[in-house]
file entry_10.txt (compact mmCIF, C-alpha atoms and all ligand atoms)
# COMPACT_ATOMS: atom_id res chain seq x y z
CA MET A 1 -16.05 -4.84 15.50
CA ASP A 2 -17.95 -7.98 16.40
CA LYS A 3 -15.79 -10.43 14.54
CA LYS A 4 -18.07 -13.42 14.72
CA ASP A 5 -19.75 -14.13 11.38
CA ILE A 6 -17.24 -11.82 9.69
CA LEU A 7 -15.01 -13.26 7.01
CA LEU A 8 -11.74 -11.38 7.29
CA PRO A 9 -9.90 -10.65 4.07
CA GLN A 10 -6.40 -12.07 4.10
CA HIS A 11 -4.99 -9.09 2.20
CA VAL A 12 -6.43 -5.56 2.29
CA ALA A 13 -5.04 -2.79 0.08
CA ILE A 14 -5.77 0.87 0.69
CA ILE A 15 -5.30 3.91 -1.56
CA MET A 16 -4.57 6.68 0.94
CA ASP A 17 -6.29 9.44 -1.01
CA GLY A 18 -7.91 12.77 -0.14
CA ASN A 19 -5.21 14.48 1.92
CA GLY A 20 -5.20 17.58 -0.28
CA ARG A 21 -8.98 18.03 -0.25
CA TRP A 22 -9.06 17.50 3.51
CA ALA A 23 -6.54 20.32 3.97
CA LYS A 24 -8.30 22.59 1.48
CA GLN A 25 -11.62 22.18 3.31
CA ARG A 26 -9.89 23.53 6.41
CA GLY A 27 -8.05 26.35 4.67
CA LEU A 28 -4.73 24.58 5.32
CA LYS A 29 -1.80 23.78 3.06
CA ARG A 30 -1.95 20.40 1.28
CA THR A 31 1.07 19.32 3.29
CA GLU A 32 -0.98 19.49 6.48
CA GLY A 33 -3.27 16.86 5.01
CA HIS A 34 -0.29 14.62 4.25
CA LYS A 35 0.93 15.05 7.82
CA VAL A 36 -2.37 13.91 9.32
CA GLY A 37 -2.60 11.18 6.67
CA ALA A 38 0.71 9.72 7.89
CA GLU A 39 -0.70 9.46 11.43
CA VAL A 40 -3.79 7.72 10.09
CA PHE A 41 -1.52 5.24 8.31
CA ARG A 42 0.03 4.39 11.69
CA THR A 43 -3.38 3.95 13.36
CA ILE A 44 -4.87 1.84 10.59
CA SER A 45 -1.84 -0.41 10.16
CA LYS A 46 -1.85 -1.14 13.89
CA TYR A 47 -5.58 -1.76 13.82
CA CYS A 48 -5.13 -4.26 10.98
CA ALA A 49 -2.57 -6.11 13.09
CA ASP A 50 -4.95 -6.02 16.09
CA ILE A 51 -7.86 -7.57 14.22
CA GLY A 52 -5.71 -10.19 12.54
CA ILE A 53 -5.38 -9.10 8.93
CA LYS A 54 -2.25 -10.80 7.65
CA TYR A 55 -1.33 -8.54 4.72
CA VAL A 56 -2.03 -4.84 4.21
CA THR A 57 -0.76 -2.70 1.36
CA PHE A 58 -0.94 1.10 1.54
CA TYR A 59 -0.49 3.35 -1.50
CA ALA A 60 1.56 6.35 -0.35
CA PHE A 61 3.20 7.80 -3.47
CA SER A 62 2.74 6.82 -7.11
CA THR A 63 5.12 6.98 -10.06
CA GLU A 64 2.80 9.72 -11.37
CA ASN A 65 2.87 11.80 -8.18
CA TRP A 66 6.22 13.32 -9.26
CA LYS A 67 4.11 15.50 -11.57
CA ARG A 68 3.03 17.60 -8.59
CA SER A 69 4.67 20.87 -7.70
CA LYS A 70 8.26 20.67 -6.52
CA ALA A 71 7.18 22.14 -3.20
CA GLU A 72 4.59 19.42 -2.60
CA VAL A 73 6.91 16.59 -3.64
CA THR A 74 9.66 17.93 -1.38
CA ALA A 75 7.22 18.25 1.51
CA ILE A 76 6.03 14.65 1.02
CA MET A 77 9.64 13.38 0.88
CA ASN A 78 10.50 15.32 4.04
CA LEU A 79 7.52 13.82 5.83
CA LEU A 80 8.46 10.35 4.66
CA ARG A 81 12.03 10.87 5.84
CA ARG A 82 10.89 11.97 9.29
CA TYR A 83 8.34 9.20 9.52
CA LEU A 84 10.86 6.49 8.59
CA ASP A 85 13.37 7.85 11.03
CA GLU A 86 10.84 7.54 13.84
CA MET A 87 9.68 4.16 12.62
CA LYS A 88 13.23 2.85 12.72
CA GLU A 89 13.32 3.49 16.46
CA ARG A 90 9.80 2.27 17.16
CA VAL A 91 10.47 -1.04 15.42
CA LEU A 92 13.52 -1.50 17.62
CA GLU A 93 11.50 -0.76 20.75
CA ASN A 94 8.86 -3.22 19.59
CA GLU A 95 6.19 -0.54 19.43
CA GLU A 96 5.04 -1.52 15.97
CA ALA A 97 2.64 -4.29 16.98
CA GLY A 98 4.59 -7.13 15.36
CA ILE A 99 4.44 -5.49 11.96
CA HIS A 100 6.79 -6.67 9.24
CA ILE A 101 7.24 -3.75 6.89
CA SER A 102 8.26 -3.82 3.23
CA PHE A 103 8.47 -1.03 0.69
CA ILE A 104 7.14 -1.74 -2.75
CA GLY A 105 7.91 0.43 -5.74
CA SER A 106 11.03 1.59 -7.49
CA ARG A 107 13.91 2.86 -5.39
CA GLU A 108 15.38 4.50 -8.48
CA GLY A 109 14.80 8.23 -8.40
CA MET A 110 14.16 8.22 -4.64
CA PRO A 111 16.47 10.31 -2.41
CA LYS A 112 19.38 8.07 -1.35
CA ASP A 113 18.99 8.71 2.37
CA ILE A 114 15.32 7.69 2.20
CA VAL A 115 16.30 4.45 0.44
CA LYS A 116 18.75 3.80 3.27
CA LEU A 117 16.03 4.39 5.87
CA MET A 118 13.71 2.04 4.00
CA ASP A 119 16.39 -0.67 4.07
CA GLU A 120 16.90 -0.14 7.80
CA VAL A 121 13.19 -0.30 8.62
CA GLU A 122 12.79 -3.44 6.48
CA CYS A 123 15.79 -5.05 8.07
CA ARG A 124 14.77 -4.21 11.66
CA SER A 125 11.21 -5.48 11.19
CA SER A 126 12.16 -8.56 9.18
CA ASP A 127 11.68 -11.00 12.06
CA LYS A 128 8.11 -9.76 12.76
CA THR A 129 5.37 -12.03 11.49
CA LYS A 130 2.07 -10.84 12.94
CA THR A 131 1.08 -8.63 10.01
CA TYR A 132 2.90 -7.87 6.77
CA VAL A 133 2.56 -4.23 5.77
CA ASN A 134 3.62 -3.07 2.32
CA LEU A 135 4.07 0.65 1.88
CA ALA A 136 3.91 1.57 -1.81
CA VAL A 137 6.32 4.43 -2.50
CA ASN A 138 7.26 5.47 -6.04
CA TYR A 139 4.99 2.62 -7.02
CA GLY A 140 3.26 2.10 -10.36
CA GLY A 141 1.36 -1.01 -11.37
CA ARG A 142 2.43 -0.78 -15.00
CA ALA A 143 6.08 -0.15 -14.14
CA GLU A 144 5.98 -3.21 -11.88
CA ILE A 145 4.71 -5.43 -14.69
CA VAL A 146 7.40 -4.05 -17.02
CA LYS A 147 10.04 -4.84 -14.39
CA SER A 148 8.87 -8.44 -14.15
CA VAL A 149 8.69 -8.85 -17.94
CA LYS A 150 12.22 -7.45 -18.36
CA GLU A 151 13.58 -9.98 -15.87
CA ILE A 152 11.87 -12.79 -17.77
CA ALA A 153 13.25 -11.46 -21.09
CA GLU A 154 16.76 -11.57 -19.60
CA ARG A 155 16.28 -15.21 -18.70
CA VAL A 156 15.11 -15.98 -22.22
CA LYS A 157 18.12 -14.14 -23.63
CA LYS A 158 20.47 -16.21 -21.47
CA GLY A 159 18.78 -19.36 -22.71
CA GLU A 160 17.53 -20.32 -19.23
CA ILE A 161 13.91 -20.52 -20.37
CA ASN A 162 11.96 -20.56 -23.63
CA PRO A 163 9.21 -18.07 -24.47
CA GLU A 164 6.71 -20.97 -24.29
CA ASP A 165 7.61 -21.46 -20.61
CA ILE A 166 6.36 -17.99 -19.64
CA ASP A 167 3.23 -18.19 -17.53
CA GLU A 168 1.26 -16.10 -15.05
CA ASP A 169 3.18 -17.45 -12.07
CA MET A 170 6.43 -16.26 -13.61
CA ILE A 171 5.08 -12.71 -13.91
CA SER A 172 3.75 -12.90 -10.34
CA ASP A 173 7.17 -14.02 -9.12
CA GLY A 174 8.80 -10.90 -10.55
CA ILE A 175 6.49 -8.29 -9.06
CA TYR A 176 7.01 -6.63 -5.68
CA THR A 177 4.35 -8.67 -3.89
CA ALA A 178 5.79 -12.03 -4.99
CA ASN A 179 4.97 -14.75 -2.43
CA GLN A 180 2.06 -12.74 -1.02
CA PRO A 181 -1.59 -13.50 -1.73
CA ASP A 182 -3.37 -11.10 -4.09
CA PRO A 183 -5.46 -8.42 -2.36
CA ASP A 184 -8.98 -9.59 -1.53
CA LEU A 185 -10.26 -6.10 -0.84
CA ILE A 186 -9.10 -2.76 -2.24
CA ILE A 187 -10.39 0.31 -0.42
CA ARG A 188 -10.33 3.80 -1.89
CA PRO A 189 -11.35 6.62 0.43
CA SER A 190 -12.17 10.06 -0.98
CA GLY A 191 -14.82 8.88 -3.43
CA GLU A 192 -12.77 8.33 -6.58
CA TYR A 193 -13.79 5.34 -8.70
CA ARG A 194 -10.40 4.36 -10.10
CA LEU A 195 -7.27 2.38 -9.29
CA SER A 196 -4.78 5.08 -10.37
CA ASN A 197 -2.13 2.50 -11.35
CA PHE A 198 -2.36 0.58 -8.05
CA LEU A 199 -1.79 -3.20 -7.99
CA LEU A 200 -2.95 -3.69 -11.59
CA TRP A 201 -1.73 -7.28 -11.87
CA GLN A 202 -2.75 -8.30 -8.35
CA SER A 203 -6.24 -6.77 -8.44
CA ALA A 204 -7.66 -9.18 -11.05
CA TYR A 205 -10.29 -10.52 -8.64
CA ALA A 206 -10.12 -8.02 -5.80
CA GLU A 207 -13.35 -6.66 -4.36
CA LEU A 208 -13.45 -2.87 -4.61
CA TYR A 209 -14.83 -0.61 -1.91
CA ILE A 210 -15.10 3.14 -2.44
CA ASP A 211 -15.61 5.34 0.60
CA ASP A 212 -16.48 9.04 0.65
CA VAL A 213 -14.39 9.67 3.76
CA LEU A 214 -11.14 11.54 3.09
CA TRP A 215 -8.02 9.66 4.23
CA PRO A 216 -7.08 12.03 7.11
CA ASP A 217 -10.57 11.40 8.57
CA TYR A 218 -10.38 7.62 8.09
CA THR A 219 -10.98 5.59 11.27
CA PRO A 220 -10.92 1.92 12.32
CA GLU A 221 -14.75 2.04 12.20
CA ASP A 222 -14.56 2.93 8.49
CA LEU A 223 -12.35 -0.10 7.93
CA ASP A 224 -14.79 -2.27 9.89
CA ARG A 225 -17.58 -1.12 7.58
CA ALA A 226 -15.57 -2.02 4.48
CA ILE A 227 -14.72 -5.45 5.87
CA GLU A 228 -18.31 -6.09 6.85
CA GLU A 229 -19.46 -5.25 3.34
CA TYR A 230 -16.67 -7.40 1.90
CA SER A 231 -17.79 -10.37 3.98
CA LYS A 232 -21.23 -10.16 2.32
CA ARG A 233 -19.88 -10.15 -1.23
CA ASN A 234 -20.21 -13.23 -3.38
CA ARG A 235 -16.84 -13.83 -4.99
CA ARG A 236 -17.11 -16.06 -8.00
CA PHE A 237 -13.68 -15.87 -9.68
CA GLY A 238 -15.33 -16.53 -13.00
CA GLY A 239 -17.20 -19.57 -11.76
CA VAL A 240 -20.89 -19.79 -10.94
C1 LIG A 301 -3.07 11.30 -1.37
O1 LIG A 301 -3.78 12.49 -1.21
C2 LIG A 301 -1.60 11.44 -1.08
C3 LIG A 301 -0.75 11.34 -2.27
C4 LIG A 301 -1.13 11.06 -3.47
C5 LIG A 301 0.67 11.60 -2.05
P1 LIG A 301 -3.86 13.58 -2.35
O2 LIG A 301 -2.71 14.50 -2.20
O3 LIG A 301 -3.98 12.94 -3.68
O4 LIG A 301 -5.20 14.31 -1.97
P2 LIG A 301 -6.30 14.88 -2.97
O5 LIG A 301 -6.72 13.72 -3.84
O6 LIG A 301 -5.67 15.97 -3.74
O7 LIG A 301 -7.41 15.33 -2.08
C1 LIG A 302 -3.34 7.76 -5.96
O1 LIG A 302 -3.91 8.99 -5.70
C2 LIG A 302 -1.98 7.70 -5.35
C3 LIG A 302 -1.94 7.70 -3.91
C4 LIG A 302 -2.93 7.82 -3.09
C5 LIG A 302 -0.64 7.55 -3.35
P1 LIG A 302 -3.84 10.21 -6.73
O2 LIG A 302 -4.48 11.34 -6.03
O3 LIG A 302 -2.46 10.38 -7.20
O4 LIG A 302 -4.73 9.68 -7.93
P2 LIG A 302 -5.52 10.48 -9.05
O5 LIG A 302 -4.57 11.46 -9.65
O6 LIG A 302 -6.67 11.14 -8.39
O7 LIG A 302 -5.98 9.42 -10.01
MG MG A 303 -5.60 12.34 -4.79
call {"tool": "encode", "arguments": {"input": "entry_10.txt", "output": "structure tokens"}}
result
Amino acid sequence: MDKKDILLPQHVAIIMDGNGRWAKQRGLKRTEGHKVGAEVFRTISKYCADIGIKYVTFYAFSTENWKRSKAEVTAIMNLLRRYLDEMKERVLENEEAGIHISFIGSREGMPKDIVKLMDEVECRSSDKTKTYVNLAVNYGGRAEIVKSVKEIAERVKKGEINPEDIDEDMISDGIYTANQPDPDLIIRPSGEYRLSNFLLWQSAYAELYIDDVLWPDYTPEDLDRAIEEYSKRNRRFGGV
């Protein structure tokens, strides 16, 4: 990408969708799509670090995705387990392009060994500062807002704050992306025009970009196109 004249978003968020359809088109099992999708995640997160995007959030598994067949959920968890295990080593060998990785979403209900791997990957990459990657696993935008509100209610109950003190910053401080800028650009491959419970609070003024490409086919050139289009948008934030 010719980066001159391009305004880079500070925070890009991507809904990694279309793995199942990609597999179906090829007469493969849905799991095969998830497998290729995981590789694409690696390529795109590295590319984001290369071109200087500071924050990237990837939606990998939603709080609603547990509704899928047991076989598919198990296959996704197995893939995640294997991927994290590899990532743990790559981070140590500095092969992750200076990426600081965090997992957003609820750890409750996740297999314990996967939670342990997540902690290890987070811990091992915690000194990296080139690009901050959030991987959303067992993530739901509504659940995240409820979590933040519950924490605030506890503080009210203890008498630390009054209900009148509650403001937007307080809610922002209690969500998983606290201290990070809101996403500037949300990309959804696979042609669906919805957020599917992704970053509901944070997306208030995000620019949306829908792409027909299915996630396993997604390339750095597709991301370039989205960023180029983003750089032409006129963001008004309610002003004129
Ligand atoms: C996204 O791809 C991966 C997850 C939600 C885990 P899908 O599995 O939703 O793929 P489609 O939408 O069925 O094609
Ligand atoms: C959103 O995709 C979740 C992820 C990509 C992880 P879904 O495939 O679950 O969304 P819907 O069901 O099409 O809205
Ligand atoms: Mg889908």
call {"tool": "residues_near_ligand", "arguments": {"input": "entry_10.txt", "ligand": "ligand LIG 302 (chain A)", "cutoff": "10 Å", "atoms": "all atoms listed in the file", "output": "short mmCIF file (atom, residue, chain, number, x, y, z; two decimals) with C-alpha atoms, keeping the file's coordinate frame"}}
result
data_model
loop_
_atom_site.label_atom_id
_atom_site.label_comp_id
_atom_site.auth_asym_id
_atom_site.auth_seq_id
_atom_site.Cartn_x
_atom_site.Cartn_y
_atom_site.Cartn_z
CA ILE A 14 -5.77 0.87 0.69
CA ILE A 15 -5.30 3.91 -1.56
CA MET A 16 -4.57 6.68 0.94
CA ASP A 17 -6.29 9.44 -1.01
CA GLY A 18 -7.91 12.77 -0.14
CA ASN A 19 -5.21 14.48 1.92
CA GLY A 20 -5.20 17.58 -0.28
CA ARG A 21 -8.98 18.03 -0.25
CA PHE A 58 -0.94 1.10 1.54
CA TYR A 59 -0.49 3.35 -1.50
CA ALA A 60 1.56 6.35 -0.35
CA PHE A 61 3.20 7.80 -3.47
CA SER A 62 2.74 6.82 -7.11
CA THR A 63 5.12 6.98 -10.06
CA GLU A 64 2.80 9.72 -11.37
CA ASN A 65 2.87 11.80 -8.18
CA TRP A 66 6.22 13.32 -9.26
CA LYS A 67 4.11 15.50 -11.57
CA ARG A 68 3.03 17.60 -8.59
CA LEU A 135 4.07 0.65 1.88
CA ALA A 136 3.91 1.57 -1.81
CA VAL A 137 6.32 4.43 -2.50
CA ASN A 138 7.26 5.47 -6.04
CA TYR A 139 4.99 2.62 -7.02
CA GLY A 140 3.26 2.10 -10.36
CA ARG A 188 -10.33 3.80 -1.89
CA PRO A 189 -11.35 6.62 0.43
CA SER A 190 -12.17 10.06 -0.98
CA GLY A 191 -14.82 8.88 -3.43
CA GLU A 192 -12.77 8.33 -6.58
CA TYR A 193 -13.79 5.34 -8.70
CA ARG A 194 -10.40 4.36 -10.10
CA LEU A 195 -7.27 2.38 -9.29
CA SER A 196 -4.78 5.08 -10.37
CA ASN A 197 -2.13 2.50 -11.35
CA PHE A 198 -2.36 0.58 -8.05
CA TRP A 215 -8.02 9.66 4.23
#
call {"tool": "residues_around", "arguments": {"input": "entry_10.txt", "residues": "stretch 99-115 of chain A", "least_positions_apart": "4", "cutoff": "8 Å", "atoms": "all atoms listed in the file", "output": "PDB file with C-alpha atoms, in the coordinates of the input"}}
result
ATOM      1  CA  LYS A  46      -1.850  -1.140  13.890  1.00  0.00           C
ATOM      2  CA  ALA A  49      -2.570  -6.110  13.090  1.00  0.00           C
ATOM      3  CA  LEU A  80       8.460  10.350   4.660  1.00  0.00           C
ATOM      4  CA  ARG A  81      12.030  10.870   5.840  1.00  0.00           C
ATOM      5  CA  LEU A  84      10.860   6.490   8.590  1.00  0.00           C
ATOM      6  CA  ASP A 119      16.390  -0.670   4.070  1.00  0.00           C
ATOM      7  CA  VAL A 121      13.190  -0.300   8.620  1.00  0.00           C
ATOM      8  CA  GLU A 122      12.790  -3.440   6.480  1.00  0.00           C
ATOM      9  CA  SER A 125      11.210  -5.480  11.190  1.00  0.00           C
ATOM     10  CA  SER A 126      12.160  -8.560   9.180  1.00  0.00           C
ATOM     11  CA  ASP A 127      11.680 -11.000  12.060  1.00  0.00           C
ATOM     12  CA  LYS A 128       8.110  -9.760  12.760  1.00  0.00           C
ATOM     13  CA  THR A 129       5.370 -12.030  11.490  1.00  0.00           C
ATOM     14  CA  LYS A 130       2.070 -10.840  12.940  1.00  0.00           C
ATOM     15  CA  THR A 131       1.080  -8.630  10.010  1.00  0.00           C
ATOM     16  CA  TYR A 132       2.900  -7.870   6.770  1.00  0.00           C
ATOM     17  CA  VAL A 133       2.560  -4.230   5.770  1.00  0.00           C
ATOM     18  CA  ASN A 134       3.620  -3.070   2.320  1.00  0.00           C
ATOM     19  CA  LEU A 135       4.070   0.650   1.880  1.00  0.00           C
ATOM     20  CA  ALA A 136       3.910   1.570  -1.810  1.00  0.00           C
ATOM     21  CA  VAL A 137       6.320   4.430  -2.500  1.00  0.00           C
ATOM     22  CA  ASN A 138       7.260   5.470  -6.040  1.00  0.00           C
ATOM     23  CA  TYR A 139       4.990   2.620  -7.020  1.00  0.00           C
ATOM     24  CA  GLY A 140       3.260   2.100 -10.360  1.00  0.00           C
ATOM     25  CA  GLU A 144       5.980  -3.210 -11.880  1.00  0.00           C
ATOM     26  CA  TYR A 176       7.010  -6.630  -5.680  1.00  0.00           C
ATOM     27  CA  THR A 177       4.350  -8.670  -3.890  1.00  0.00           C
TER      28      THR A 177
END
call {"tool": "closest_residue", "arguments": {"input": "entry_10.txt", "among": "A:Asn162, A:Thr219, A:Ser148, A:Thr57", "to": "A:His11", "atoms": "only C-alpha atoms"}}
result
A:Thr57
call {"tool": "closest_residue", "arguments": {"input": "entry_10.txt", "among": "A:Pro181, A:Gly159, A:Gly98, A:Pro216", "to": "A:Val36", "atoms": "only C-alpha atoms"}}
result
A:Pro216
call {"tool": "closest_residue", "arguments": {"input": "entry_10.txt", "among": "A:Lys116, A:Thr74, A:Leu7, A:Trp22", "to": "A:Asp212", "atoms": "all atoms listed in the file"}}
result
A:Trp22
call {"tool": "atom_distance", "arguments": {"input": "entry_10.txt", "atom1": "atom CA of A:Tyr209", "atom2": "atom O7 of ligand LIG 301 (chain A)"}}
result
17.6 Å
call {"tool": "atom_distance", "arguments": {"input": "entry_10.txt", "atom1": "atom CA of A:Met87", "atom2": "atom CA of A:Arg225"}}
result
28.2 Å
